[in-house]
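Shown below: structure35.tsv, with TSV, C-alpha atoms and all ligand atoms.
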```tsv
chain	number	residue	atom	x	y	z
A	1	MET	CA	88.56	116.55	111.56
A	2	ASN	CA	86.36	114.38	109.39
A	3	LYS	CA	87.48	113.19	105.98
A	4	LYS	CA	85.97	116.12	104.08
A	5	GLN	CA	87.67	118.63	106.38
A	6	MET	CA	91.00	116.81	106.11
A	7	ILE	CA	90.89	116.87	102.31
A	8	GLU	CA	89.93	120.54	102.29
A	9	LYS	CA	92.76	121.37	104.68
A	10	ALA	CA	95.18	119.37	102.54
A	11	GLU	CA	94.22	121.21	99.36
A	12	GLU	CA	94.47	124.54	101.17
A	13	ASN	CA	98.16	124.04	101.87
A	14	LEU	CA	99.55	121.44	99.50
A	15	PHE	CA	100.72	122.45	96.03
A	16	HIS	CA	98.14	120.71	93.85
A	17	VAL	CA	100.51	118.54	91.83
A	18	TYR	CA	98.60	115.28	92.39
A	19	ASN	CA	94.99	114.39	91.75
A	20	ARG	CA	94.65	112.29	94.87
A	21	PHE	CA	91.88	109.78	95.43
A	22	PRO	CA	89.47	110.90	98.18
A	23	VAL	CA	90.84	108.40	100.68
A	24	VAL	CA	92.72	109.10	103.92
A	25	PHE	CA	94.81	106.15	105.07
A	26	ASP	CA	95.65	105.88	108.73
A	27	TYR	CA	97.55	102.64	109.33
A	28	GLY	CA	98.29	99.23	107.89
A	29	LYS	CA	98.46	95.64	109.05
A	30	GLY	CA	99.86	92.86	106.85
A	31	VAL	CA	98.52	93.38	103.32
A	32	HIS	CA	95.65	95.59	104.47
A	33	LEU	CA	95.32	99.34	104.89
A	34	TYR	CA	92.83	101.10	107.16
A	35	ASP	CA	91.32	104.54	106.61
A	36	GLU	CA	90.39	107.25	109.12
A	37	VAL	CA	87.15	105.51	110.12
A	38	ASP	CA	88.85	102.11	110.35
A	39	GLU	CA	87.53	100.73	107.07
A	40	LYS	CA	89.74	97.97	105.68
A	41	TYR	CA	91.32	97.93	102.19
A	42	LEU	CA	93.22	95.14	100.43
A	43	ASP	CA	96.49	96.55	99.12
A	44	PHE	CA	97.72	95.23	95.77
A	45	ALA	CA	99.79	98.35	95.08
A	46	SER	CA	102.27	98.34	98.00
A	47	GLY	CA	102.66	102.11	97.90
A	48	ILE	CA	103.88	101.65	94.28
A	49	GLY	CA	106.02	98.59	94.84
A	50	VAL	CA	107.60	99.75	98.08
A	51	MET	CA	106.01	97.76	100.92
A	52	ALA	CA	107.40	94.34	100.04
A	53	PHE	CA	106.83	93.06	103.59
A	54	GLY	CA	103.45	94.73	103.95
A	55	TYR	CA	102.54	96.82	106.97
A	56	GLY	CA	103.26	96.48	110.65
A	57	ASN	CA	106.03	93.89	110.30
A	58	GLU	CA	107.49	93.66	113.79
A	59	ASP	CA	110.99	92.56	112.82
A	60	TYR	CA	111.26	95.58	110.56
A	61	GLU	CA	109.69	98.00	113.03
A	62	ASN	CA	111.91	96.87	115.87
A	63	ALA	CA	115.05	97.33	113.80
A	64	LEU	CA	113.99	100.87	112.89
A	65	ILE	CA	112.95	101.80	116.42
A	66	ALA	CA	116.31	100.60	117.75
A	67	GLN	CA	118.10	102.71	115.14
A	68	VAL	CA	115.98	105.81	115.86
A	69	LYS	CA	117.02	105.55	119.50
A	70	ARG	CA	120.70	105.23	118.55
A	71	ILE	CA	121.19	107.80	115.75
A	72	THR	CA	119.29	108.78	112.60
A	73	HIS	CA	121.71	111.02	110.76
A	74	THR	CA	125.42	111.83	110.63
A	75	SER	CA	126.08	113.01	107.01
A	76	ASN	CA	128.48	111.31	104.63
A	77	LEU	CA	131.52	112.93	106.21
A	78	TYR	CA	131.77	109.99	108.61
A	79	TYR	CA	131.36	106.22	108.70
A	80	HIS	CA	128.57	104.38	110.49
A	81	GLN	CA	127.70	100.74	111.06
A	82	PRO	CA	124.27	100.58	109.31
A	83	MET	CA	125.68	101.86	106.02
A	84	ILE	CA	128.67	99.53	106.20
A	85	GLU	CA	126.37	96.54	106.70
A	86	ALA	CA	123.79	97.62	104.13
A	87	ALA	CA	126.47	98.16	101.46
A	88	GLU	CA	127.97	94.71	102.01
A	89	LYS	CA	124.56	93.03	101.85
A	90	LEU	CA	123.45	94.99	98.77
A	91	CYS	CA	126.66	94.12	96.89
A	92	LYS	CA	126.11	90.47	97.75
A	93	ALA	CA	122.42	90.51	96.75
A	94	SER	CA	123.04	92.28	93.43
A	95	GLY	CA	126.42	90.86	92.42
A	96	MET	CA	127.66	94.43	91.95
A	97	ASP	CA	130.95	95.63	93.47
A	98	LYS	CA	130.41	99.16	94.86
A	99	VAL	CA	127.31	101.01	95.98
A	100	PHE	CA	126.30	104.64	96.51
A	101	PHE	CA	123.14	105.32	98.54
A	102	THR	CA	120.64	108.00	97.46
A	103	ASN	CA	117.28	109.22	98.77
A	104	SER	CA	115.11	108.11	95.86
A	105	GLY	CA	114.94	106.29	92.57
A	106	ALA	CA	115.35	109.44	90.52
A	107	GLU	CA	118.52	110.32	92.40
A	108	ALA	CA	119.87	106.84	91.75
A	109	ILE	CA	119.33	107.54	88.04
A	110	GLU	CA	121.06	110.92	88.35
A	111	GLY	CA	124.06	109.20	89.93
A	112	ALA	CA	124.08	106.51	87.26
A	113	LEU	CA	124.04	109.12	84.47
A	114	LYS	CA	126.84	111.13	86.05
A	115	THR	CA	128.88	107.97	86.54
A	116	ALA	CA	128.44	106.94	82.90
A	117	LYS	CA	129.40	110.41	81.68
A	118	LYS	CA	132.48	110.52	83.89
A	119	TYR	CA	133.52	107.04	82.76
A	120	ALA	CA	133.36	108.13	79.12
A	121	TYR	CA	135.10	111.42	79.94
A	122	ASN	CA	137.98	109.51	81.54
A	123	LYS	CA	138.23	106.79	78.93
A	124	LYS	CA	137.44	108.51	75.65
A	125	GLY	CA	137.56	112.25	76.14
A	126	SER	CA	134.91	114.88	76.69
A	127	ASP	CA	133.10	114.41	73.36
A	128	GLU	CA	131.55	111.09	74.38
A	129	TYR	CA	128.25	112.10	75.86
A	130	GLU	CA	125.29	110.48	74.16
A	131	ILE	CA	122.95	108.16	76.01
A	132	ILE	CA	120.52	105.75	74.38
A	133	ALA	CA	117.30	105.39	76.37
A	134	MET	CA	114.10	103.52	75.54
A	135	GLU	CA	110.76	104.77	74.35
A	136	ASN	CA	107.94	104.11	76.80
A	137	SER	CA	110.43	104.06	79.70
A	138	PHE	CA	110.15	105.73	83.09
A	139	HIS	CA	113.17	106.80	85.14
A	140	GLY	CA	111.90	109.62	87.38
A	141	ARG	CA	110.92	113.28	87.54
A	142	THR	CA	114.17	115.15	88.12
A	143	VAL	CA	115.65	116.93	85.11
A	144	GLY	CA	118.28	114.25	84.42
A	145	SER	CA	115.99	111.27	84.93
A	146	LEU	CA	113.24	112.99	82.95
A	147	SER	CA	115.69	113.46	80.10
A	148	VAL	CA	115.95	109.68	79.67
A	149	THR	CA	112.24	109.02	80.29
A	150	GLY	CA	110.60	108.04	77.02
A	151	THR	CA	107.18	109.56	77.52
A	152	ASP	CA	106.78	112.83	75.60
A	153	HIS	CA	104.05	114.40	77.69
A	154	TYR	CA	106.15	114.11	80.89
A	155	ARG	CA	109.11	115.77	79.14
A	156	GLU	CA	107.70	118.41	76.84
A	157	PRO	CA	106.87	121.25	79.31
A	158	PHE	CA	110.42	121.16	80.65
A	159	TYR	CA	112.58	121.53	77.53
A	160	PRO	CA	115.44	122.01	77.11
A	161	LEU	CA	116.39	118.92	79.07
A	162	MET	CA	119.78	117.18	79.20
A	163	SER	CA	121.14	117.02	75.68
A	164	GLY	CA	122.52	113.96	73.89
A	165	VAL	CA	119.69	111.54	74.68
A	166	LYS	CA	118.39	109.32	71.88
A	167	PHE	CA	115.39	107.05	72.16
A	168	ALA	CA	115.33	103.52	70.81
A	169	THR	CA	112.40	101.10	70.73
A	170	PHE	CA	112.42	98.70	73.69
A	171	ASN	CA	112.98	95.08	72.60
A	172	ASP	CA	114.09	96.19	69.12
A	173	PHE	CA	117.84	95.71	68.79
A	174	GLY	CA	117.91	97.21	65.30
A	175	SER	CA	116.63	100.50	66.67
A	176	VAL	CA	119.37	100.50	69.34
A	177	LEU	CA	121.97	100.00	66.63
A	178	ALA	CA	120.38	102.78	64.57
A	179	ASN	CA	120.88	105.20	67.48
A	180	LEU	CA	124.46	104.15	68.25
A	181	THR	CA	127.16	106.67	67.36
A	182	ASP	CA	130.81	107.00	68.32
A	183	LYS	CA	129.62	109.43	71.00
A	184	THR	CA	127.37	106.94	72.80
A	185	CYS	CA	128.52	106.44	76.40
A	186	ALA	CA	125.67	104.38	77.86
A	187	ILE	CA	122.43	102.55	77.21
A	188	ILE	CA	119.79	102.83	79.91
A	189	MET	CA	116.68	100.69	80.28
A	190	GLU	CA	114.39	99.05	82.78
A	191	THR	CA	114.81	95.27	82.82
A	192	VAL	CA	111.02	95.15	83.09
A	193	GLN	CA	109.28	98.38	82.06
A	194	GLY	CA	106.93	99.34	84.89
A	195	GLU	CA	105.07	102.63	84.37
A	196	GLY	CA	105.15	102.05	80.62
A	197	GLY	CA	102.95	98.98	80.90
A	198	LEU	CA	104.70	95.91	82.40
A	199	TYR	CA	106.90	94.92	79.48
A	200	PRO	CA	109.74	92.50	80.36
A	201	ALA	CA	112.88	92.74	78.21
A	202	ASP	CA	113.22	89.90	75.74
A	203	LYS	CA	116.16	87.67	76.58
A	204	GLU	CA	117.60	87.94	73.08
A	205	PHE	CA	117.30	91.74	73.10
A	206	ILE	CA	118.98	92.32	76.45
A	207	THR	CA	121.72	89.79	75.63
A	208	LYS	CA	122.47	91.56	72.36
A	209	VAL	CA	122.52	94.95	74.08
A	210	ARG	CA	124.91	93.56	76.72
A	211	ASN	CA	127.21	92.21	74.00
A	212	LEU	CA	127.04	95.47	72.07
A	213	CYS	CA	128.04	97.42	75.20
A	214	ASP	CA	131.00	95.08	75.73
A	215	GLU	CA	132.13	95.38	72.12
A	216	GLU	CA	131.80	99.17	72.06
A	217	GLY	CA	133.12	99.85	75.57
A	218	ILE	CA	129.90	101.60	76.61
A	219	LEU	CA	128.00	101.09	79.82
A	220	LEU	CA	124.73	99.26	80.36
A	221	ILE	CA	122.58	100.91	83.03
A	222	LEU	CA	119.72	98.71	84.21
A	223	ASP	CA	117.05	100.58	86.12
A	224	GLU	CA	115.55	98.11	88.58
A	225	VAL	CA	113.96	100.73	90.83
A	226	GLN	CA	110.60	99.01	90.34
A	227	CYS	CA	111.39	95.48	89.12
A	228	GLY	CA	114.25	94.85	91.55
A	229	MET	CA	114.23	93.71	95.18
A	230	GLY	CA	112.66	90.32	94.61
A	231	ARG	CA	109.57	91.49	92.78
A	232	THR	CA	110.12	89.29	89.73
A	233	GLY	CA	111.23	86.23	91.68
A	234	SER	CA	114.97	86.92	91.75
A	235	MET	CA	116.63	89.61	93.84
A	236	TYR	CA	117.19	91.57	90.63
A	237	ALA	CA	115.40	90.76	87.38
A	238	TYR	CA	118.63	90.68	85.31
A	239	GLN	CA	119.70	87.66	87.34
A	240	GLN	CA	117.10	85.67	85.38
A	241	TYR	CA	118.63	86.78	82.07
A	242	GLY	CA	122.17	85.59	82.77
A	243	ILE	CA	123.61	89.08	82.32
A	244	LYS	CA	124.80	91.88	84.58
A	245	PRO	CA	124.67	95.65	84.16
A	246	ASP	CA	127.65	97.95	84.56
A	247	ILE	CA	125.46	100.22	86.64
A	248	LEU	CA	122.37	99.15	88.55
A	249	THR	CA	119.76	101.50	90.00
A	250	THR	CA	117.50	100.31	92.81
A	251	ALA	CA	115.05	101.97	95.22
A	252	LYS	CA	111.31	101.48	95.95
A	253	ALA	CA	111.29	98.26	98.05
A	254	LEU	CA	114.92	98.72	99.09
A	255	GLY	CA	113.92	100.40	102.37
A	256	ASN	CA	110.38	98.98	102.66
A	257	GLY	CA	108.97	102.44	103.34
A	258	VAL	CA	111.86	104.69	104.33
A	259	PRO	CA	113.12	106.84	101.45
A	260	ILE	CA	116.28	105.30	100.08
A	261	GLY	CA	117.69	104.30	96.71
A	262	ALA	CA	121.09	103.31	95.44
A	263	PHE	CA	123.19	102.94	92.37
A	264	ALA	CA	125.73	100.16	92.26
A	265	VAL	CA	128.61	99.69	89.86
A	266	THR	CA	131.23	97.15	88.80
A	267	GLU	CA	134.83	97.40	89.94
A	268	ASP	CA	135.83	98.67	86.46
A	269	VAL	CA	133.27	101.47	86.58
A	270	ALA	CA	134.16	102.38	90.17
A	271	ASP	CA	137.85	102.60	89.25
A	272	ASN	CA	137.30	104.77	86.20
A	273	SER	CA	134.52	107.24	87.00
A	274	LEU	CA	133.47	109.24	90.06
A	275	VAL	CA	136.13	110.32	92.56
A	276	PRO	CA	135.79	112.35	95.79
A	277	GLY	CA	134.33	115.74	94.91
A	278	ASP	CA	132.33	114.50	91.91
A	279	HIS	CA	129.12	113.58	93.70
A	280	GLY	CA	127.44	113.73	97.07
A	281	THR	CA	124.29	113.88	99.16
A	282	THR	CA	123.48	115.11	102.66
A	283	TYR	CA	120.94	112.48	103.67
A	284	GLY	CA	121.73	109.67	101.24
A	285	GLY	CA	122.44	106.42	103.09
A	286	ASN	CA	121.82	107.86	106.53
A	287	PRO	CA	121.82	105.51	109.55
A	288	LEU	CA	118.02	105.21	109.74
A	289	CYS	CA	117.51	104.38	106.07
A	290	THR	CA	120.48	102.03	105.76
A	291	ALA	CA	119.41	100.22	108.95
A	292	ALA	CA	116.14	99.58	107.11
A	293	VAL	CA	117.98	98.28	104.02
A	294	SER	CA	120.11	96.01	106.15
A	295	GLN	CA	117.04	94.63	107.92
A	296	VAL	CA	115.12	94.22	104.66
A	297	LEU	CA	117.95	92.24	103.06
A	298	ASP	CA	118.20	90.02	106.17
A	299	MET	CA	114.45	89.41	106.04
A	300	PHE	CA	114.64	88.30	102.41
A	301	GLU	CA	116.88	85.47	103.61
A	302	ASP	CA	115.17	84.77	106.93
A	303	TYR	CA	111.72	84.53	105.32
A	304	LYS	CA	113.04	82.73	102.20
A	305	LEU	CA	111.06	85.41	100.40
A	306	LEU	CA	112.30	84.69	96.87
A	307	ASP	CA	111.09	81.09	97.17
A	308	HIS	CA	107.75	82.40	98.36
A	309	VAL	CA	107.48	84.86	95.44
A	310	ASN	CA	108.21	82.09	92.96
A	311	GLU	CA	105.66	79.75	94.55
A	312	ILE	CA	102.87	82.30	94.85
A	313	THR	CA	103.43	83.76	91.35
A	314	ALA	CA	102.03	80.62	89.70
A	315	TYR	CA	98.80	80.94	91.67
A	316	PHE	CA	98.55	84.67	91.01
A	317	GLU	CA	99.09	84.23	87.27
A	318	GLN	CA	96.47	81.48	87.19
A	319	VAL	CA	93.90	83.77	88.85
A	320	LEU	CA	94.76	86.64	86.49
A	321	ASP	CA	94.42	84.33	83.50
A	322	THR	CA	90.90	83.37	84.63
A	323	LEU	CA	90.06	87.10	84.46
A	324	VAL	CA	91.42	87.28	80.90
A	325	ALA	CA	89.24	84.30	80.00
A	326	LYS	CA	86.16	85.65	81.78
A	327	TYR	CA	85.99	89.29	80.62
A	328	ASP	CA	86.05	90.35	76.96
A	329	PHE	CA	87.50	93.72	77.94
A	330	VAL	CA	90.48	92.09	79.69
A	331	THR	CA	92.54	91.22	76.66
A	332	GLY	CA	95.81	89.99	78.12
A	333	ARG	CA	98.25	89.62	80.98
A	334	ARG	CA	101.88	90.79	81.04
A	335	GLY	CA	104.67	90.92	83.56
A	336	MET	CA	107.02	88.87	85.70
A	337	GLY	CA	106.57	87.49	89.21
A	338	LEU	CA	104.51	89.80	91.42
A	339	MET	CA	104.75	92.61	88.89
A	340	GLN	CA	101.74	91.93	86.70
A	341	GLY	CA	99.50	93.88	84.38
A	342	LEU	CA	96.10	93.21	82.87
A	343	VAL	CA	95.51	94.86	79.51
A	344	LEU	CA	92.07	96.50	79.40
A	345	THR	CA	89.95	97.97	76.63
A	346	ILE	CA	87.82	99.83	79.21
A	347	PRO	CA	89.16	103.04	80.89
A	348	VAL	CA	91.72	101.82	83.40
A	349	LYS	CA	91.54	104.96	85.58
A	350	GLU	CA	87.86	104.27	86.18
A	351	VAL	CA	88.57	100.66	87.11
A	352	VAL	CA	91.23	101.78	89.60
A	353	THR	CA	88.83	104.33	91.11
A	354	ARG	CA	85.86	101.93	91.37
A	355	ALA	CA	88.09	99.21	92.85
A	356	LEU	CA	89.32	101.62	95.52
A	357	LEU	CA	86.09	103.40	96.41
A	358	ASP	CA	83.54	100.60	95.94
A	359	GLU	CA	85.49	97.44	96.73
A	360	HIS	CA	88.26	98.79	98.95
A	361	LEU	CA	90.87	97.23	96.69
A	362	VAL	CA	94.01	99.29	96.07
A	363	VAL	CA	95.44	98.78	92.57
A	364	LEU	CA	97.43	100.88	90.08
A	365	SER	CA	97.43	101.73	86.42
A	366	ALA	CA	100.34	101.79	83.98
A	367	GLY	CA	100.34	103.48	80.62
A	368	SER	CA	96.87	104.20	79.30
A	369	ASP	CA	95.41	100.71	79.26
A	370	VAL	CA	97.08	98.50	81.86
A	371	LEU	CA	95.81	97.63	85.33
A	372	ARG	CA	99.04	97.28	87.29
A	373	LEU	CA	99.34	94.95	90.27
A	374	LEU	CA	102.28	95.21	92.66
A	375	PRO	CA	101.11	93.38	95.80
A	376	PRO	CA	103.33	93.04	98.87
A	377	LEU	CA	105.70	90.12	98.27
A	378	VAL	CA	104.37	88.38	101.38
A	379	ILE	CA	100.85	87.80	99.95
A	380	THR	CA	99.25	84.40	100.47
A	381	GLU	CA	96.79	82.38	98.36
A	382	GLN	CA	94.06	83.63	100.67
A	383	ASP	CA	94.96	87.26	99.87
A	384	ILE	CA	94.86	86.43	96.16
A	385	ASP	CA	91.41	84.87	96.60
A	386	GLU	CA	90.26	88.06	98.34
A	387	PHE	CA	91.72	90.05	95.43
A	388	LYS	CA	89.86	87.87	92.91
A	389	GLU	CA	86.54	88.46	94.63
A	390	LYS	CA	87.06	92.23	94.79
A	391	ILE	CA	88.39	92.67	91.25
A	392	GLU	CA	85.56	90.54	89.81
A	393	LYS	CA	82.98	92.69	91.61
A	394	THR	CA	84.73	95.76	90.19
A	395	LEU	CA	84.95	94.44	86.64
A	396	ASP	CA	81.30	93.30	86.75
A	397	ILE	CA	80.34	97.01	86.92
A	398	PHE	CA	81.73	97.38	83.38
A	399	LEU	CA	79.88	94.43	81.85
A	401	LIG	C1	109.59	104.86	90.47
A	401	LIG	C2	110.67	104.73	89.47
A	401	LIG	C3	111.74	105.66	89.39
A	401	LIG	C4	111.78	106.93	90.21
A	401	LIG	O1	111.86	106.66	91.57
A	401	LIG	P1	111.48	107.84	92.62
A	401	LIG	O2	111.83	107.24	93.94
A	401	LIG	O3	110.03	108.10	92.45
A	401	LIG	O4	112.32	109.00	92.28
A	401	LIG	C5	112.76	105.40	88.50
A	401	LIG	N1	112.75	104.31	87.72
A	401	LIG	C6	111.74	103.41	87.76
A	401	LIG	C7	111.81	102.21	86.89
A	401	LIG	C8	110.67	103.59	88.62
A	401	LIG	O5	109.66	102.72	88.63
```
Please, can you express the file's structure as structure tokens?
Ligand SMILES: *Cc1c(COP(=O)(O)O)cnc(C)c1O
Amino acid sequence: MNKKQMIEKAEENLFHVYNRFPVVFDYGKGVHLYDEVDEKYLDFASGIGVMAFGYGNEDYENALIAQVKRITHTSNLYYHQPMIEAAEKLCKASGMDKVFFTNSGAEAIEGALKTAKKYAYNKKGSDEYEIIAMENSFHGRTVGSLSVTGTDHYREPFYPLMSGVKFATFNDFGSVLANLTDKTCAIIMETVQGEGGLYPADKEFITKVRNLCDEEGILLILDEVQCGMGRTGSMYAYQQYGIKPDILTTAKALGNGVPIGAFAVTEDVADNSLVPGDHGTTYGGNPLCTAAVSQVLDMFEDYKLLDHVNEITAYFEQVLDTLVAKYDFVTGRRGMGLMQGLVLTIPVKEVVTRALLDEHLVVLSAGSDVLRLLPPLVITEQDIDEFKEKIEKTLDIFL
């Protein structure tokens, strides 16, 4: 089948819920992707922040192949070595005490919401059900995670959603206070808003929210599905703020390409919320996916990847800042580490499309006006130079 036939066949059988770009990817090597006729693309999207180690990493592949040959699934009725190891390593990397593995980011959010509700139910009685979420946030597409996602057009067609959710303005502590009632059981936010446009939490804001949660006995849920796993230069972004959540959600790069997420909680939350029978999953944390997590967390240490992210970020930011200086329609840069956004006054969807189709550069958008860059964490200065050349050629089209 040629590309046209493949796309036609795809649209014949797939529920048309995505407007896909007319590109068929076949394989990847390092930070490059190759299409069906072997054309090479530079990937600064990482499959939406998933492929931290890029493509074709042999250490990772070998670990997965070995696990496939041993066992891929057992269910959560039994113990297995990969999950035991992955849980220990994830607790150590996050500073959290107990972890529950899921199949996705949205499911990690679902678990976090249920945990917060159960905690309030146990501690304060069944009336305590409100959750404060943030405007402009993104937490996933399931009914629960959609209920706390602060983008109206994602939510509206699916009302009524989960009740008791109030939206505050991100980085505005006064608006959090204004939404606080004696029924509030949790506050949920991304430490760095991703889909909403690459907005890091202000240190003062997140510190005040943390203190408020402590004073009121309510739980802070930090969604690090996108900004976690080393992307901002620390294993989890909150580690740079000197605070800790009561519940952490993580996914995307956690398995470097196999579908897995997790929510992790403190000892206090674990002791006072979900008990056997309250929650479960058939696949979640299966041997294949947790073997990947275990390998990924080992590779962070073996490759000293956080040091690399911190070193390369300075160079990346410098290159992005030259773009802000060079193009009138690039009005700013936002983000943390290798999670960066360029604010554009030209249509970002068109830039993403032209970059992909004309320059073979894979990039993302966020919100309506931000060009979002989530390169593999293993990028080098040479890759960034290649990016600069391709993005300049793309942006020149709009001059
Ligand atoms: C992607 C994302 C999710 C949802 O993860 P899925 O794996 O797509 O369900 C939740 N929260 C944040 C911050 C995300 O970026």
As a quick test: using all atoms listed in the file, which residues lie no more than 9 Å away from ligand LIG 401 (chain A)? Give them as a PDB file with C-alpha atoms, in the frame of the given file.
```pdb
ATOM      1  CA  ILE A  48     103.880 101.650  94.280  1.00  0.00           C
ATOM      2  CA  GLY A  49     106.020  98.590  94.840  1.00  0.00           C
ATOM      3  CA  ASN A 103     117.280 109.220  98.770  1.00  0.00           C
ATOM      4  CA  SER A 104     115.110 108.110  95.860  1.00  0.00           C
ATOM      5  CA  GLY A 105     114.940 106.290  92.570  1.00  0.00           C
ATOM      6  CA  ALA A 106     115.350 109.440  90.520  1.00  0.00           C
ATOM      7  CA  GLU A 107     118.520 110.320  92.400  1.00  0.00           C
ATOM      8  CA  ALA A 108     119.870 106.840  91.750  1.00  0.00           C
ATOM      9  CA  ILE A 109     119.330 107.540  88.040  1.00  0.00           C
ATOM     10  CA  SER A 137     110.430 104.060  79.700  1.00  0.00           C
ATOM     11  CA  PHE A 138     110.150 105.730  83.090  1.00  0.00           C
ATOM     12  CA  HIS A 139     113.170 106.800  85.140  1.00  0.00           C
ATOM     13  CA  GLY A 140     111.900 109.620  87.380  1.00  0.00           C
ATOM     14  CA  ARG A 141     110.920 113.280  87.540  1.00  0.00           C
ATOM     15  CA  THR A 142     114.170 115.150  88.120  1.00  0.00           C
ATOM     16  CA  SER A 145     115.990 111.270  84.930  1.00  0.00           C
ATOM     17  CA  THR A 149     112.240 109.020  80.290  1.00  0.00           C
ATOM     18  CA  MET A 189     116.680 100.690  80.280  1.00  0.00           C
ATOM     19  CA  GLU A 190     114.390  99.050  82.780  1.00  0.00           C
ATOM     20  CA  THR A 191     114.810  95.270  82.820  1.00  0.00           C
ATOM     21  CA  VAL A 192     111.020  95.150  83.090  1.00  0.00           C
ATOM     22  CA  GLN A 193     109.280  98.380  82.060  1.00  0.00           C
ATOM     23  CA  GLY A 194     106.930  99.340  84.890  1.00  0.00           C
ATOM     24  CA  GLU A 195     105.070 102.630  84.370  1.00  0.00           C
ATOM     25  CA  ASP A 223     117.050 100.580  86.120  1.00  0.00           C
ATOM     26  CA  GLU A 224     115.550  98.110  88.580  1.00  0.00           C
ATOM     27  CA  VAL A 225     113.960 100.730  90.830  1.00  0.00           C
ATOM     28  CA  GLN A 226     110.600  99.010  90.340  1.00  0.00           C
ATOM     29  CA  CYS A 227     111.390  95.480  89.120  1.00  0.00           C
ATOM     30  CA  THR A 249     119.760 101.500  90.000  1.00  0.00           C
ATOM     31  CA  THR A 250     117.500 100.310  92.810  1.00  0.00           C
ATOM     32  CA  ALA A 251     115.050 101.970  95.220  1.00  0.00           C
ATOM     33  CA  LYS A 252     111.310 101.480  95.950  1.00  0.00           C
ATOM     34  CA  PRO A 259     113.120 106.840 101.450  1.00  0.00           C
ATOM     35  CA  ILE A 260     116.280 105.300 100.080  1.00  0.00           C
ATOM     36  CA  GLY A 261     117.690 104.300  96.710  1.00  0.00           C
TER      37      GLY A 261
END
```
Hey, can you check how far CA of Thr72 (chain A) sits from CA of Cys289 (chain A)?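 Those two atoms sit 8.1 Å apart.
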Let me make sure I understand: among A:Leu146, A:Gly28, A:Met134, A:Gly95, which one has the smallest atom-to-atom distance to Pro245 (chain A) if we use all atoms listed in the file? A:Gly95
Write out as a PyMOL selection string the residues lying within 10 Å of Ile247 (chain A), counting all atoms listed in the file and excluding same-chain residues fewer than 4 positions away. chain A and resi 96-99+109+111-113+115-116+186+188+219-223+263-266+269-270
Pick the closest to Lys123 (chain A) from A:Glu61, A:Asp152, A:Asp26, A:Asp271: which is it, counting all atoms listed in the file? A:Asp271
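Of the residues listed (A:Leu395, A:Pro82, A:Leu77, A:Thr232), A:Leu77 shows the shortest atom-to-atom separation from Pro276 (chain A); distances use all atoms listed in the file.
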Which is closest to Ile206 (chain A) among A:Ala366, A:Ile243, A:Val275, A:Met229, if we use all atoms listed in the file?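 The answer is A:Ile243, which sits nearest to Ile206 (chain A).
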Completed region 257-268 of chain A (N, CA and C atoms) as a PDB file, keeping the file's coordinate frame:
```
ATOM      1  N   GLY A 257     109.766 101.332 102.800  1.00  0.00           N
ATOM      2  CA  GLY A 257     108.970 102.440 103.340  1.00  0.00           C
ATOM      3  C   GLY A 257     109.760 103.633 103.834  1.00  0.00           C
ATOM      4  N   VAL A 258     111.062 103.490 104.066  1.00  0.00           N
ATOM      5  CA  VAL A 258     111.860 104.690 104.330  1.00  0.00           C
ATOM      6  C   VAL A 258     112.494 105.096 102.991  1.00  0.00           C
ATOM      7  N   PRO A 259     112.645 106.401 102.764  1.00  0.00           N
ATOM      8  CA  PRO A 259     113.120 106.840 101.450  1.00  0.00           C
ATOM      9  C   PRO A 259     114.598 106.566 101.242  1.00  0.00           C
ATOM     10  N   ILE A 260     114.880 105.590 100.411  1.00  0.00           N
ATOM     11  CA  ILE A 260     116.280 105.300 100.080  1.00  0.00           C
ATOM     12  C   ILE A 260     116.357 104.614  98.716  1.00  0.00           C
ATOM     13  N   GLY A 261     117.373 104.956  97.968  1.00  0.00           N
ATOM     14  CA  GLY A 261     117.690 104.300  96.710  1.00  0.00           C
ATOM     15  C   GLY A 261     119.183 104.064  96.676  1.00  0.00           C
ATOM     16  N   ALA A 262     119.655 103.511  95.583  1.00  0.00           N
ATOM     17  CA  ALA A 262     121.090 103.310  95.440  1.00  0.00           C
ATOM     18  C   ALA A 262     121.429 103.116  93.979  1.00  0.00           C
ATOM     19  N   PHE A 263     122.670 103.464  93.623  1.00  0.00           N
ATOM     20  CA  PHE A 263     123.190 102.940  92.370  1.00  0.00           C
ATOM     21  C   PHE A 263     124.433 102.149  92.709  1.00  0.00           C
ATOM     22  N   ALA A 264     124.618 101.064  91.968  1.00  0.00           N
ATOM     23  CA  ALA A 264     125.730 100.160  92.260  1.00  0.00           C
ATOM     24  C   ALA A 264     126.475  99.916  90.966  1.00  0.00           C
ATOM     25  N   VAL A 265     127.774  99.774  91.056  1.00  0.00           N
ATOM     26  CA  VAL A 265     128.610  99.690  89.860  1.00  0.00           C
ATOM     27  C   VAL A 265     129.593  98.532  89.961  1.00  0.00           C
ATOM     28  N   THR A 266     130.174  98.162  88.810  1.00  0.00           N
ATOM     29  CA  THR A 266     131.230  97.150  88.800  1.00  0.00           C
ATOM     30  C   THR A 266     132.546  97.802  89.237  1.00  0.00           C
ATOM     31  N   GLU A 267     133.498  96.945  89.555  1.00  0.00           N
ATOM     32  CA  GLU A 267     134.830  97.400  89.940  1.00  0.00           C
ATOM     33  C   GLU A 267     135.419  98.320  88.845  1.00  0.00           C
ATOM     34  N   ASP A 268     135.291  97.901  87.584  1.00  0.00           N
ATOM     35  CA  ASP A 268     135.830  98.670  86.460  1.00  0.00           C
ATOM     36  C   ASP A 268     135.225 100.080  86.428  1.00  0.00           C
TER      37      ASP A 268
END
```
